[in-house]
Amino acid sequence: MNSHKITRAALLAGAGISGLMVAGPATSQNADQAVVLEEIKVTARRRTESLQDVPIAVSAFTGLELNKLGATDITFLAQTTPNTTLEVSRGTNTTLTAFIRGVGQQDPVAGFEAGVGIYLDDVYLNRPQGAVMDIYDVERIEVLRGPQGTLYGRNTIGGAIKYVTKRLGDEPTLNLRLQGGTFGQHDIIASAEVPISDTVRFGGSIAYMKRNGYGENRNTGAEHYDKDLLGFRGSVELTPSDDLFIRISGDYLKDDSNPKSGHRLIPGLFSGAPILDDVFDTRAGIEGKNEADQYGVTGLIEYQVNDRITVKNILAYREDDSFQLIDFDSLPTIDVDVPVRYKNDQFSEEFQILYTDEAFSGVFGFYYLDATAFNEFDVVLGATGDVIGLPGLNANTLGDVKTETWSVFGDFSIDLDNAFGMDSNLELNIGGRYTEDERTSTILRRTFIGGNSETFGGNATLIATTSDFTGSKKYKDFTPRASLSWQPNDDQTMYISYSEGFKGGSFDPRAQSTAAPDLNNDGVTSDAEIFQFINFDPEKITTYEAGTKTNWADGRITTNLAVFYSDYKDVQIPGSIGVDTTGDGINDSFSGITTNAGAADFFGVEFEGKAILAQDTGVQGDSLVADFSLGWIDAEYDEFIIAVTDPGTGVTALQDVSGERVIQNTPEWSTNLRMTYNRPTEMFGSPGTLSFLGGWSYKSLTHQFEVSNQFLDQPGYSLFDASIVWISDDGRYQFGVHGKNLTDKEYKVAGYNFANATGTASTLGLEGIASAFYGPPRTVTATIGVRF
């Protein structure tokens, strides 16, 4: 292969490597003093490579880059990454909804697995609670688009996001960053590294992030959309020999933010309550705190057996416990008030063997996960119960889902020139993954009167049990991957690839067995029909991709282009339906209903790049740099099969409604343009670089659900950001001011809908529910950073 390729001996997966990305400006000077773009290193294929050499659609961000942009958490990445949606889930503060190329999952309850894998230092996060990770103490973040099952421990059917924290250095250091801004923001982030000896290092960080609300609860006076987070990370690193690296790390997160309610988009159908004039205000009556605790411990061992073989083991345990208060109708009346408890834990073990020589390189691994996801919640329909003579009506749901899965996977690259004496500049990559999942689910649905159940501090009376279900099912699949890449010269990589992804089935934890349809119309709903109603099948995707990565103008311009087509089958679509348990025409309960929609096709294009537009124009050493990305995706259902019951005859039949369905959380267009002017500037006697950054991002029409909704669908919108940052050349001092959403654009990121298409009739509760959650308004933040 061409000489600019990194030698195979340097491609070991991170053993002892702490600086995979240069923590400097986006440009550097070569030996001739010409300004060129920094080479970015990634570990997308479990080994260290130049981003421009990897035959995978991947975007990478250094910690310094994110710091200069004023990025607060990983949802910011959706502004700069094509065909990617990352949102804070509805009614939560730290739960993540992630979609890449049309594949994802927005329902956070037990039983639903994410379509996008989130990894913290190579540990897969099994649940979305706490996955809105704040950006601090980070070395880099990588966003991989498309199936990645042959490379990563858990299924990554839509893509993967790798959050990589910094490894410890050789010198004792103390870093302090203070942030303050609009809405009473005040953050303190501190980190320290202490080498005890040549072989032992300790390090840790603490982050306290506090902000008043963007709005107010006009009923209780509480701050609304506030932030109150406390986080810790710590690690000890041991290097008993040059060949052995051991890292034990832990993290903890505590969230004490207030409950978050949606902005009503329709007047109250029962009370006539008007729509509020501020989208961040609410009149929700539910009171208390949203509380979340999450912690994890990871043990990493890397041993270099010889120049060719490295073994790696990742052992991890994680646990989280969160309590949330969700007022669905966002009104003072107790109706569709939902307190919910999530408790999750996971134990994972991953073993890898990495091999590299001049001709071959790759990874072979084994992965095991034992996880439990538990949730219980009340749906208190107080006002509805009063109308139908059941005061304090409460539909309680308990779901307990155990997942036990194991897999073996491998991914190998063959340099055809070195392996077979060819002169082709070709590299063949082949891989595969075998997965076995077992899901065991317990679902208990009960109806109470008298308000909250005992779990949530009440003493309601049980009047009915509508589901008492226990079921188990195994799923297994083999998913291959192959690619062929060609480097016609030192500055270009072209590739084609084929990959498959698999996500196991499960059971809808909110399903109500008494709502199961009589599918064979024999007048009896059998146990098999109930099982079929509650269970949903695996989903699978096949992706074909072609791309090219190019350096232009002697390293002053880079462009990456990917074109893909995905065939998405048996798509898992969670939803809810109102249920009339008394036959009086008023829905007094609800049931979860998850369908395997059938099939969807995605065809898309992704274009990313960076260019040095000018240098030495104002003063010696200055530069003007452009970053840009463009994503386009044509996503539609080919088949969407649902069961439809004729209200007159009661006969249930299957019907294809694909023409009436849309792909959620997947805008057709996503684009970003950022301009950065860097100027050498001395401050306080220290030489440094003053950077002016301006950014624009755009997303076209975004649907919140599979059915178009005039209230919740977000039309296309633009966001404008700007930053001024000075960083000393030695990295000791940093000052910055960051403005986000400068035009104060109101844009929806999530919502609830329990109303008809016109918002004139309710499908759950008396008031009707069409409420939206919004992205942050205009904010300004000042930062000061010092390294001691």
# chains A, B, ... in the order shown; residues from 1 in each chain; ligands from 1
>>> residues_around(residues="range 75-77 of chain A", least_positions_apart="3", cutoff="12 Å", atoms="only C-alpha atoms", output="PDB file with N, CA, C and O atoms, in the first residue's frame")
ATOM      1  N   SER A  59     -17.424  10.377  11.522  1.00  0.00           N
ATOM      2  CA  SER A  59     -17.072  11.753  11.867  1.00  0.00           C
ATOM      3  C   SER A  59     -16.374  11.732  13.211  1.00  0.00           C
ATOM      4  O   SER A  59     -16.766  10.976  14.109  1.00  0.00           O
ATOM      5  N   ALA A  60     -15.342  12.560  13.360  1.00  0.00           N
ATOM      6  CA  ALA A  60     -14.547  12.559  14.593  1.00  0.00           C
ATOM      7  C   ALA A  60     -14.359  13.981  15.090  1.00  0.00           C
ATOM      8  O   ALA A  60     -14.191  14.920  14.303  1.00  0.00           O
ATOM      9  N   PHE A  61     -14.401  14.124  16.418  1.00  0.00           N
ATOM     10  CA  PHE A  61     -14.281  15.427  17.058  1.00  0.00           C
ATOM     11  C   PHE A  61     -13.309  15.310  18.226  1.00  0.00           C
ATOM     12  O   PHE A  61     -13.486  14.443  19.099  1.00  0.00           O
ATOM     13  N   THR A  62     -12.305  16.160  18.254  1.00  0.00           N
ATOM     14  CA  THR A  62     -11.393  16.167  19.394  1.00  0.00           C
ATOM     15  C   THR A  62     -12.031  16.901  20.564  1.00  0.00           C
ATOM     16  O   THR A  62     -12.931  17.737  20.389  1.00  0.00           O
ATOM     17  N   GLU A  65     -11.548  20.609  20.065  1.00  0.00           N
ATOM     18  CA  GLU A  65     -12.470  21.167  19.081  1.00  0.00           C
ATOM     19  C   GLU A  65     -13.842  21.404  19.699  1.00  0.00           C
ATOM     20  O   GLU A  65     -14.465  22.466  19.510  1.00  0.00           O
ATOM     21  N   LEU A  66     -14.349  20.426  20.438  1.00  0.00           N
ATOM     22  CA  LEU A  66     -15.658  20.562  21.077  1.00  0.00           C
ATOM     23  C   LEU A  66     -15.642  21.663  22.125  1.00  0.00           C
ATOM     24  O   LEU A  66     -16.625  22.394  22.307  1.00  0.00           O
ATOM     25  N   ASN A  67     -14.507  21.788  22.823  1.00  0.00           N
ATOM     26  CA  ASN A  67     -14.364  22.836  23.822  1.00  0.00           C
ATOM     27  C   ASN A  67     -14.428  24.214  23.168  1.00  0.00           C
ATOM     28  O   ASN A  67     -15.105  25.131  23.650  1.00  0.00           O
ATOM     29  N   LEU A  69     -15.888  25.006  20.456  1.00  0.00           N
ATOM     30  CA  LEU A  69     -17.229  25.240  19.937  1.00  0.00           C
ATOM     31  C   LEU A  69     -18.254  25.484  21.033  1.00  0.00           C
ATOM     32  O   LEU A  69     -19.405  25.815  20.742  1.00  0.00           O
ATOM     33  N   GLY A  70     -17.864  25.292  22.298  1.00  0.00           N
ATOM     34  CA  GLY A  70     -18.797  25.478  23.403  1.00  0.00           C
ATOM     35  C   GLY A  70     -19.831  24.382  23.497  1.00  0.00           C
ATOM     36  O   GLY A  70     -20.935  24.595  24.013  1.00  0.00           O
ATOM     37  N   ALA A  71     -19.501  23.182  23.006  1.00  0.00           N
ATOM     38  CA  ALA A  71     -20.426  22.052  23.070  1.00  0.00           C
ATOM     39  C   ALA A  71     -20.588  21.605  24.521  1.00  0.00           C
ATOM     40  O   ALA A  71     -19.602  21.388  25.220  1.00  0.00           O
ATOM     41  N   THR A  72     -21.831  21.451  24.964  1.00  0.00           N
ATOM     42  CA  THR A  72     -22.079  21.087  26.364  1.00  0.00           C
ATOM     43  C   THR A  72     -22.306  19.590  26.549  1.00  0.00           C
ATOM     44  O   THR A  72     -21.866  19.027  27.547  1.00  0.00           O
ATOM     45  N   THR A  80     -23.593  18.945  13.600  1.00  0.00           N
ATOM     46  CA  THR A  80     -22.430  18.925  12.707  1.00  0.00           C
ATOM     47  C   THR A  80     -22.244  17.602  11.985  1.00  0.00           C
ATOM     48  O   THR A  80     -21.360  17.503  11.131  1.00  0.00           O
ATOM     49  N   THR A  81     -23.055  16.597  12.292  1.00  0.00           N
ATOM     50  CA  THR A  81     -22.900  15.269  11.697  1.00  0.00           C
ATOM     51  C   THR A  81     -24.072  14.977  10.776  1.00  0.00           C
ATOM     52  O   THR A  81     -25.228  15.075  11.182  1.00  0.00           O
ATOM     53  N   PRO A  82     -23.829  14.617   9.517  1.00  0.00           N
ATOM     54  CA  PRO A  82     -24.935  14.395   8.583  1.00  0.00           C
ATOM     55  C   PRO A  82     -25.775  13.174   8.951  1.00  0.00           C
ATOM     56  O   PRO A  82     -25.274  12.183   9.478  1.00  0.00           O
ATOM     57  N   ASN A  83     -27.076  13.294   8.669  1.00  0.00           N
ATOM     58  CA  ASN A  83     -28.039  12.196   8.852  1.00  0.00           C
ATOM     59  C   ASN A  83     -28.009  11.626  10.273  1.00  0.00           C
ATOM     60  O   ASN A  83     -28.116  10.414  10.474  1.00  0.00           O
ATOM     61  N   THR A  84     -27.862  12.516  11.248  1.00  0.00           N
ATOM     62  CA  THR A  84     -27.790  12.105  12.651  1.00  0.00           C
ATOM     63  C   THR A  84     -28.723  12.970  13.494  1.00  0.00           C
ATOM     64  O   THR A  84     -28.706  14.203  13.373  1.00  0.00           O
ATOM     65  N   THR A  85     -29.517  12.316  14.329  1.00  0.00           N
ATOM     66  CA  THR A  85     -30.402  13.007  15.263  1.00  0.00           C
ATOM     67  C   THR A  85     -30.080  12.549  16.673  1.00  0.00           C
ATOM     68  O   THR A  85     -30.106  11.342  16.963  1.00  0.00           O
ATOM     69  N   LEU A  86     -29.751  13.486  17.542  1.00  0.00           N
ATOM     70  CA  LEU A  86     -29.499  13.203  18.955  1.00  0.00           C
ATOM     71  C   LEU A  86     -30.296  14.216  19.772  1.00  0.00           C
ATOM     72  O   LEU A  86     -30.054  15.420  19.679  1.00  0.00           O
ATOM     73  N   GLU A  87     -31.252  13.718  20.547  1.00  0.00           N
ATOM     74  CA  GLU A  87     -32.143  14.609  21.297  1.00  0.00           C
ATOM     75  C   GLU A  87     -32.273  14.134  22.741  1.00  0.00           C
ATOM     76  O   GLU A  87     -32.118  12.941  23.033  1.00  0.00           O
ATOM     77  N   VAL A  88     -32.569  15.086  23.624  1.00  0.00           N
ATOM     78  CA  VAL A  88     -32.969  14.726  24.979  1.00  0.00           C
ATOM     79  C   VAL A  88     -34.392  14.177  24.904  1.00  0.00           C
ATOM     80  O   VAL A  88     -35.287  14.823  24.346  1.00  0.00           O
ATOM     81  N   SER A  89     -34.604  12.991  25.437  1.00  0.00           N
ATOM     82  CA  SER A  89     -35.912  12.349  25.326  1.00  0.00           C
ATOM     83  C   SER A  89     -36.984  13.154  26.038  1.00  0.00           C
ATOM     84  O   SER A  89     -36.728  13.853  27.018  1.00  0.00           O
ATOM     85  N   ASN A  93     -34.290  14.730  31.429  1.00  0.00           N
ATOM     86  CA  ASN A  93     -33.168  15.657  31.387  1.00  0.00           C
ATOM     87  C   ASN A  93     -31.885  15.019  30.866  1.00  0.00           C
ATOM     88  O   ASN A  93     -31.028  15.714  30.307  1.00  0.00           O
ATOM     89  N   THR A  94     -31.724  13.702  31.058  1.00  0.00           N
ATOM     90  CA  THR A  94     -30.468  13.056  30.684  1.00  0.00           C
ATOM     91  C   THR A  94     -30.664  11.762  29.898  1.00  0.00           C
ATOM     92  O   THR A  94     -29.716  11.007  29.695  1.00  0.00           O
ATOM     93  N   THR A  95     -31.883  11.482  29.439  1.00  0.00           N
ATOM     94  CA  THR A  95     -32.148  10.287  28.638  1.00  0.00           C
ATOM     95  C   THR A  95     -32.033  10.642  27.162  1.00  0.00           C
ATOM     96  O   THR A  95     -32.536  11.677  26.726  1.00  0.00           O
ATOM     97  N   LEU A  96     -31.368   9.770  26.390  1.00  0.00           N
ATOM     98  CA  LEU A  96     -31.014  10.090  25.011  1.00  0.00           C
ATOM     99  C   LEU A  96     -31.916   9.377  24.006  1.00  0.00           C
ATOM    100  O   LEU A  96     -32.213   8.193  24.147  1.00  0.00           O
ATOM    101  N   THR A  97     -32.330  10.127  22.986  1.00  0.00           N
ATOM    102  CA  THR A  97     -32.944   9.564  21.787  1.00  0.00           C
ATOM    103  C   THR A  97     -31.963   9.743  20.650  1.00  0.00           C
ATOM    104  O   THR A  97     -31.552  10.873  20.344  1.00  0.00           O
ATOM    105  N   ALA A  98     -31.559   8.640  20.016  1.00  0.00           N
ATOM    106  CA  ALA A  98     -30.523   8.690  18.977  1.00  0.00           C
ATOM    107  C   ALA A  98     -31.005   7.982  17.716  1.00  0.00           C
ATOM    108  O   ALA A  98     -31.518   6.858  17.784  1.00  0.00           O
ATOM    109  N   PHE A  99     -30.818   8.645  16.567  1.00  0.00           N
ATOM    110  CA  PHE A  99     -31.110   8.073  15.254  1.00  0.00           C
ATOM    111  C   PHE A  99     -29.953   8.389  14.315  1.00  0.00           C
ATOM    112  O   PHE A  99     -29.446   9.521  14.299  1.00  0.00           O
ATOM    113  N   ILE A 100     -29.526   7.412  13.551  1.00  0.00           N
ATOM    114  CA  ILE A 100     -28.533   7.602  12.506  1.00  0.00           C
ATOM    115  C   ILE A 100     -29.050   6.919  11.236  1.00  0.00           C
ATOM    116  O   ILE A 100     -29.410   5.735  11.273  1.00  0.00           O
ATOM    117  N   ALA A 131     -27.586   8.726  29.224  1.00  0.00           N
ATOM    118  CA  ALA A 131     -26.706   8.684  28.054  1.00  0.00           C
ATOM    119  C   ALA A 131     -26.489  10.050  27.410  1.00  0.00           C
ATOM    120  O   ALA A 131     -25.690  10.166  26.483  1.00  0.00           O
ATOM    121  N   VAL A 132     -27.201  11.095  27.871  1.00  0.00           N
ATOM    122  CA  VAL A 132     -26.909  12.452  27.405  1.00  0.00           C
ATOM    123  C   VAL A 132     -25.676  12.917  28.171  1.00  0.00           C
ATOM    124  O   VAL A 132     -25.751  13.645  29.162  1.00  0.00           O
ATOM    125  N   MET A 133     -24.507  12.465  27.721  1.00  0.00           N
ATOM    126  CA  MET A 133     -23.269  12.695  28.461  1.00  0.00           C
ATOM    127  C   MET A 133     -22.751  14.108  28.230  1.00  0.00           C
ATOM    128  O   MET A 133     -22.626  14.566  27.089  1.00  0.00           O
ATOM    129  N   ASP A 134     -22.481  14.794  29.321  1.00  0.00           N
ATOM    130  CA  ASP A 134     -21.868  16.108  29.219  1.00  0.00           C
ATOM    131  C   ASP A 134     -20.427  15.960  28.767  1.00  0.00           C
ATOM    132  O   ASP A 134     -19.743  14.985  29.095  1.00  0.00           O
ATOM    133  N   ILE A 135     -19.957  16.950  28.010  1.00  0.00           N
ATOM    134  CA  ILE A 135     -18.633  16.874  27.408  1.00  0.00           C
ATOM    135  C   ILE A 135     -17.613  17.519  28.330  1.00  0.00           C
ATOM    136  O   ILE A 135     -17.526  18.749  28.422  1.00  0.00           O
ATOM    137  N   ARG A 140     -11.807  12.425  22.629  1.00  0.00           N
ATOM    138  CA  ARG A 140     -12.425  12.506  21.318  1.00  0.00           C
ATOM    139  C   ARG A 140     -13.777  11.805  21.369  1.00  0.00           C
ATOM    140  O   ARG A 140     -14.054  10.989  22.267  1.00  0.00           O
ATOM    141  N   ILE A 141     -14.591  12.130  20.386  1.00  0.00           N
ATOM    142  CA  ILE A 141     -15.863  11.446  20.167  1.00  0.00           C
ATOM    143  C   ILE A 141     -15.928  11.081  18.691  1.00  0.00           C
ATOM    144  O   ILE A 141     -15.669  11.914  17.825  1.00  0.00           O
ATOM    145  N   GLU A 142     -16.269   9.839  18.412  1.00  0.00           N
ATOM    146  CA  GLU A 142     -16.411   9.361  17.045  1.00  0.00           C
ATOM    147  C   GLU A 142     -17.856   8.968  16.792  1.00  0.00           C
ATOM    148  O   GLU A 142     -18.495   8.343  17.651  1.00  0.00           O
ATOM    149  N   VAL A 143     -18.370   9.327  15.638  1.00  0.00           N
ATOM    150  CA  VAL A 143     -19.720   8.945  15.228  1.00  0.00           C
ATOM    151  C   VAL A 143     -19.597   8.082  13.976  1.00  0.00           C
ATOM    152  O   VAL A 143     -19.194   8.566  12.914  1.00  0.00           O
ATOM    153  N   LEU A 144     -19.908   6.800  14.114  1.00  0.00           N
ATOM    154  CA  LEU A 144     -19.835   5.847  13.005  1.00  0.00           C
ATOM    155  C   LEU A 144     -21.239   5.607  12.480  1.00  0.00           C
ATOM    156  O   LEU A 144     -22.156   5.301  13.248  1.00  0.00           O
ATOM    157  N   ILE A 161     -21.697   5.611  18.609  1.00  0.00           N
ATOM    158  CA  ILE A 161     -21.079   6.840  19.094  1.00  0.00           C
ATOM    159  C   ILE A 161     -20.103   6.461  20.189  1.00  0.00           C
ATOM    160  O   ILE A 161     -20.491   5.881  21.208  1.00  0.00           O
ATOM    161  N   LYS A 162     -18.836   6.756  19.966  1.00  0.00           N
ATOM    162  CA  LYS A 162     -17.771   6.396  20.907  1.00  0.00           C
ATOM    163  C   LYS A 162     -17.319   7.640  21.669  1.00  0.00           C
ATOM    164  O   LYS A 162     -16.803   8.581  21.075  1.00  0.00           O
ATOM    165  N   TYR A 163     -17.522   7.617  22.957  1.00  0.00           N
ATOM    166  CA  TYR A 163     -17.080   8.691  23.846  1.00  0.00           C
ATOM    167  C   TYR A 163     -15.830   8.177  24.557  1.00  0.00           C
ATOM    168  O   TYR A 163     -15.889   7.222  25.324  1.00  0.00           O
ATOM    169  N   SER A 629     -20.584  20.111   6.192  1.00  0.00           N
ATOM    170  CA  SER A 629     -21.169  18.777   6.061  1.00  0.00           C
ATOM    171  C   SER A 629     -22.548  18.912   5.436  1.00  0.00           C
ATOM    172  O   SER A 629     -23.244  19.920   5.624  1.00  0.00           O
ATOM    173  N   THR A 671     -27.502  19.880   7.284  1.00  0.00           N
ATOM    174  CA  THR A 671     -26.285  20.506   6.792  1.00  0.00           C
ATOM    175  C   THR A 671     -25.680  21.411   7.847  1.00  0.00           C
ATOM    176  O   THR A 671     -26.362  21.846   8.785  1.00  0.00           O
ATOM    177  N   ASN A 672     -24.392  21.669   7.696  1.00  0.00           N
ATOM    178  CA  ASN A 672     -23.664  22.489   8.654  1.00  0.00           C
ATOM    179  C   ASN A 672     -22.521  23.198   7.935  1.00  0.00           C
ATOM    180  O   ASN A 672     -21.850  22.616   7.072  1.00  0.00           O
ATOM    181  N   SER A 697     -26.301  25.655  11.089  1.00  0.00           N
ATOM    182  CA  SER A 697     -26.759  24.292  10.844  1.00  0.00           C
ATOM    183  C   SER A 697     -28.232  24.328  10.469  1.00  0.00           C
ATOM    184  O   SER A 697     -28.985  25.208  10.895  1.00  0.00           O
ATOM    185  N   LEU A 719     -30.082  26.979  12.879  1.00  0.00           N
ATOM    186  CA  LEU A 719     -29.487  27.443  14.130  1.00  0.00           C
ATOM    187  C   LEU A 719     -28.168  28.144  13.803  1.00  0.00           C
ATOM    188  O   LEU A 719     -27.395  27.666  12.968  1.00  0.00           O
ATOM    189  N   ASP A 721     -24.684  29.809  15.589  1.00  0.00           N
ATOM    190  CA  ASP A 721     -23.825  29.870  16.773  1.00  0.00           C
ATOM    191  C   ASP A 721     -22.600  30.719  16.470  1.00  0.00           C
ATOM    192  O   ASP A 721     -22.200  30.876  15.310  1.00  0.00           O
ATOM    193  N   LYS A 740     -25.134  30.486  21.538  1.00  0.00           N
ATOM    194  CA  LYS A 740     -25.856  29.388  20.890  1.00  0.00           C
ATOM    195  C   LYS A 740     -27.270  29.835  20.516  1.00  0.00           C
ATOM    196  O   LYS A 740     -27.909  30.577  21.255  1.00  0.00           O
ATOM    197  N   ASN A 741     -27.735  29.351  19.364  1.00  0.00           N
ATOM    198  CA  ASN A 741     -29.076  29.678  18.878  1.00  0.00           C
ATOM    199  C   ASN A 741     -29.300  31.196  18.935  1.00  0.00           C
ATOM    200  O   ASN A 741     -30.231  31.692  19.578  1.00  0.00           O
ATOM    201  N   VAL A 749     -38.201  19.112  19.635  1.00  0.00           N
ATOM    202  CA  VAL A 749     -37.310  17.955  19.588  1.00  0.00           C
ATOM    203  C   VAL A 749     -38.015  16.669  20.004  1.00  0.00           C
ATOM    204  O   VAL A 749     -37.490  15.574  19.781  1.00  0.00           O
ATOM    205  N   GLY A 775     -35.888  22.516  21.959  1.00  0.00           N
ATOM    206  CA  GLY A 775     -34.451  22.676  22.140  1.00  0.00           C
ATOM    207  C   GLY A 775     -34.146  23.983  22.839  1.00  0.00           C
ATOM    208  O   GLY A 775     -35.004  24.869  22.949  1.00  0.00           O
ATOM    209  N   PRO A 776     -32.910  24.151  23.330  1.00  0.00           N
ATOM    210  CA  PRO A 776     -32.564  25.333  24.128  1.00  0.00           C
ATOM    211  C   PRO A 776     -32.760  26.636  23.354  1.00  0.00           C
ATOM    212  O   PRO A 776     -32.550  26.704  22.137  1.00  0.00           O
TER     213      PRO A 776
END
>>> residues_around(residues="Gly115 in chain A", least_positions_apart="6", cutoff="12 Å", atoms="only C-alpha atoms", output="MDAnalysis selection string")
chainID A and resid 85 96:108 125:128 145:149 154:161 501:505 538:541 568 571:573
>>> residues_around(residues="Thr150 in chain A", least_positions_apart="2", cutoff="8 Å", atoms="only C-alpha atoms", output="list in words")
Gln148, Tyr152, Phe409, Gly410, Asp411, Gly431, Gly432, Arg433, Thr479, Pro480 and Arg481 of chain A
>>> atom_distance(atom1="CA of Ala757 in chain A", atom2="CA of Ile642 in chain A")
18.7 Å
>>> residues_around(residues="Thr595 in chain A", least_positions_apart="4", cutoff="10 Å", atoms="only C-alpha atoms", output="count of residues only")
16
>>> residues_around(residues="range 217-230 of chain A", least_positions_apart="3", cutoff="8 Å", atoms="only C-alpha atoms", output="list in words")
Asn93, Ile206, Ala207, Tyr208, Met209, Lys210, Arg211, Asn212, Gly213, Tyr214, Leu253, Lys254, Asp255, Asp256, Ser257, Asn258, Pro259, Lys260, Phe280, Asp281, Thr282, Arg283, Ala284, Gly285, Glu287 and Pro332 of chain A
>>> residues_around(residues="Thr548 in chain A", least_positions_apart="3", cutoff="6 Å", atoms="only C-alpha atoms", output="JSON list (two decimals) with N, CA, C and O atoms, in the first residue's frame")
[["chain", "number", "residue", "atom", "x", "y", "z"],
["A", 493, "THR", "N", -8.58, 7.65, -0.84],
["A", 493, "THR", "CA", -9.05, 6.31, -0.53],
["A", 493, "THR", "C", -10.47, 6.17, -1.07],
["A", 493, "THR", "O", -11.33, 7.00, -0.77],
["A", 494, "MET", "N", -10.70, 5.13, -1.86],
["A", 494, "MET", "CA", -12.02, 4.84, -2.40],
["A", 494, "MET", "C", -12.43, 3.46, -1.89],
["A", 494, "MET", "O", -11.60, 2.56, -1.78],
["A", 560, "ASN", "N", -14.81, 14.09, 2.26],
["A", 560, "ASN", "CA", -15.25, 12.71, 2.44],
["A", 560, "ASN", "C", -16.67, 12.59, 1.91],
["A", 560, "ASN", "O", -17.57, 13.32, 2.36],
["A", 561, "LEU", "N", -16.87, 11.67, 1.00],
["A", 561, "LEU", "CA", -18.17, 11.47, 0.37],
["A", 561, "LEU", "C", -18.60, 10.02, 0.54],
["A", 561, "LEU", "O", -17.80, 9.11, 0.29]]
>>> select_by_dssp(residues="range 669-725 of chain A", states="strand (DSSP E or B)", output="MDAnalysis selection string")
chainID A and resid 669:683 686:699 702 714 717:725
>>> residues_around(residues="Tyr752 in chain A", least_positions_apart="4", cutoff="12 Å", atoms="only C-alpha atoms", output="VMD selection string")
chain A and resid 89 to 91 106 to 107 261 to 266 326 to 330 336 575 to 576 704 to 705 709 711 to 713 748 763 to 764 768 to 773
>>> closest_residue(among="A:Asn306, A:Asn665, A:Ser191, A:Gln79", to="Arg787 in chain A", atoms="only C-alpha atoms")
A:Ser191
>>> closest_residue(among="A:Ala562, A:Ala755, A:Ile530, A:Val619", to="Glu545 in chain A", atoms="only C-alpha atoms")
A:Ala562
>>> select_by_dssp(residues="range 26-263 of chain A", states="alpha helix (DSSP H)", output="list of chain:residue names")
A:Gly63, A:Leu64, A:Glu65, A:Leu66, A:Asn67, A:Lys68, A:Leu69, A:Leu77, A:Ala78, A:Gln79, A:Thr80
>>> write_last_selection(atoms="N, CA, C and O atoms", output="mmCIF file, in the first residue's frame")
data_model
loop_
_atom_site.group_PDB
_atom_site.id
_atom_site.type_symbol
_atom_site.label_atom_id
_atom_site.label_comp_id
_atom_site.auth_asym_id
_atom_site.auth_seq_id
_atom_site.Cartn_x
_atom_site.Cartn_y
_atom_site.Cartn_z
ATOM 1 N N GLY A 63 -11.543 16.606 21.756
ATOM 2 C CA GLY A 63 -12.025 17.314 22.923
ATOM 3 C C GLY A 63 -11.776 18.809 22.830
ATOM 4 O O GLY A 63 -12.616 19.623 23.226
ATOM 5 N N LEU A 64 -10.611 19.192 22.295
ATOM 6 C CA LEU A 64 -10.295 20.608 22.151
ATOM 7 C C LEU A 64 -11.247 21.278 21.170
ATOM 8 O O LEU A 64 -11.725 22.398 21.407
ATOM 9 N N GLU A 65 -11.548 20.609 20.065
ATOM 10 C CA GLU A 65 -12.470 21.167 19.081
ATOM 11 C C GLU A 65 -13.842 21.404 19.699
ATOM 12 O O GLU A 65 -14.465 22.466 19.510
ATOM 13 N N LEU A 66 -14.349 20.426 20.438
ATOM 14 C CA LEU A 66 -15.658 20.562 21.077
ATOM 15 C C LEU A 66 -15.642 21.663 22.125
ATOM 16 O O LEU A 66 -16.625 22.394 22.307
ATOM 17 N N ASN A 67 -14.507 21.788 22.823
ATOM 18 C CA ASN A 67 -14.364 22.836 23.822
ATOM 19 C C ASN A 67 -14.428 24.214 23.168
ATOM 20 O O ASN A 67 -15.105 25.131 23.650
ATOM 21 N N LYS A 68 -13.731 24.380 22.040
ATOM 22 C CA LYS A 68 -13.729 25.667 21.340
ATOM 23 C C LYS A 68 -15.108 26.011 20.791
ATOM 24 O O LYS A 68 -15.469 27.193 20.675
ATOM 25 N N LEU A 69 -15.888 25.006 20.456
ATOM 26 C CA LEU A 69 -17.229 25.240 19.937
ATOM 27 C C LEU A 69 -18.254 25.484 21.033
ATOM 28 O O LEU A 69 -19.405 25.815 20.742
ATOM 29 N N LEU A 77 -23.544 17.119 18.721
ATOM 30 C CA LEU A 77 -22.966 16.468 17.554
ATOM 31 C C LEU A 77 -23.953 16.372 16.402
ATOM 32 O O LEU A 77 -23.547 16.291 15.232
ATOM 33 N N ALA A 78 -25.250 16.367 16.709
ATOM 34 C CA ALA A 78 -26.252 16.268 15.651
ATOM 35 C C ALA A 78 -26.262 17.500 14.762
ATOM 36 O O ALA A 78 -26.729 17.436 13.625
ATOM 37 N N GLN A 79 -25.751 18.631 15.249
ATOM 38 C CA GLN A 79 -25.693 19.839 14.431
ATOM 39 C C GLN A 79 -24.607 19.748 13.363
ATOM 40 O O GLN A 79 -24.688 20.420 12.334
ATOM 41 N N THR A 80 -23.593 18.945 13.600
ATOM 42 C CA THR A 80 -22.430 18.925 12.707
ATOM 43 C C THR A 80 -22.244 17.602 11.985
ATOM 44 O O THR A 80 -21.360 17.503 11.131
#
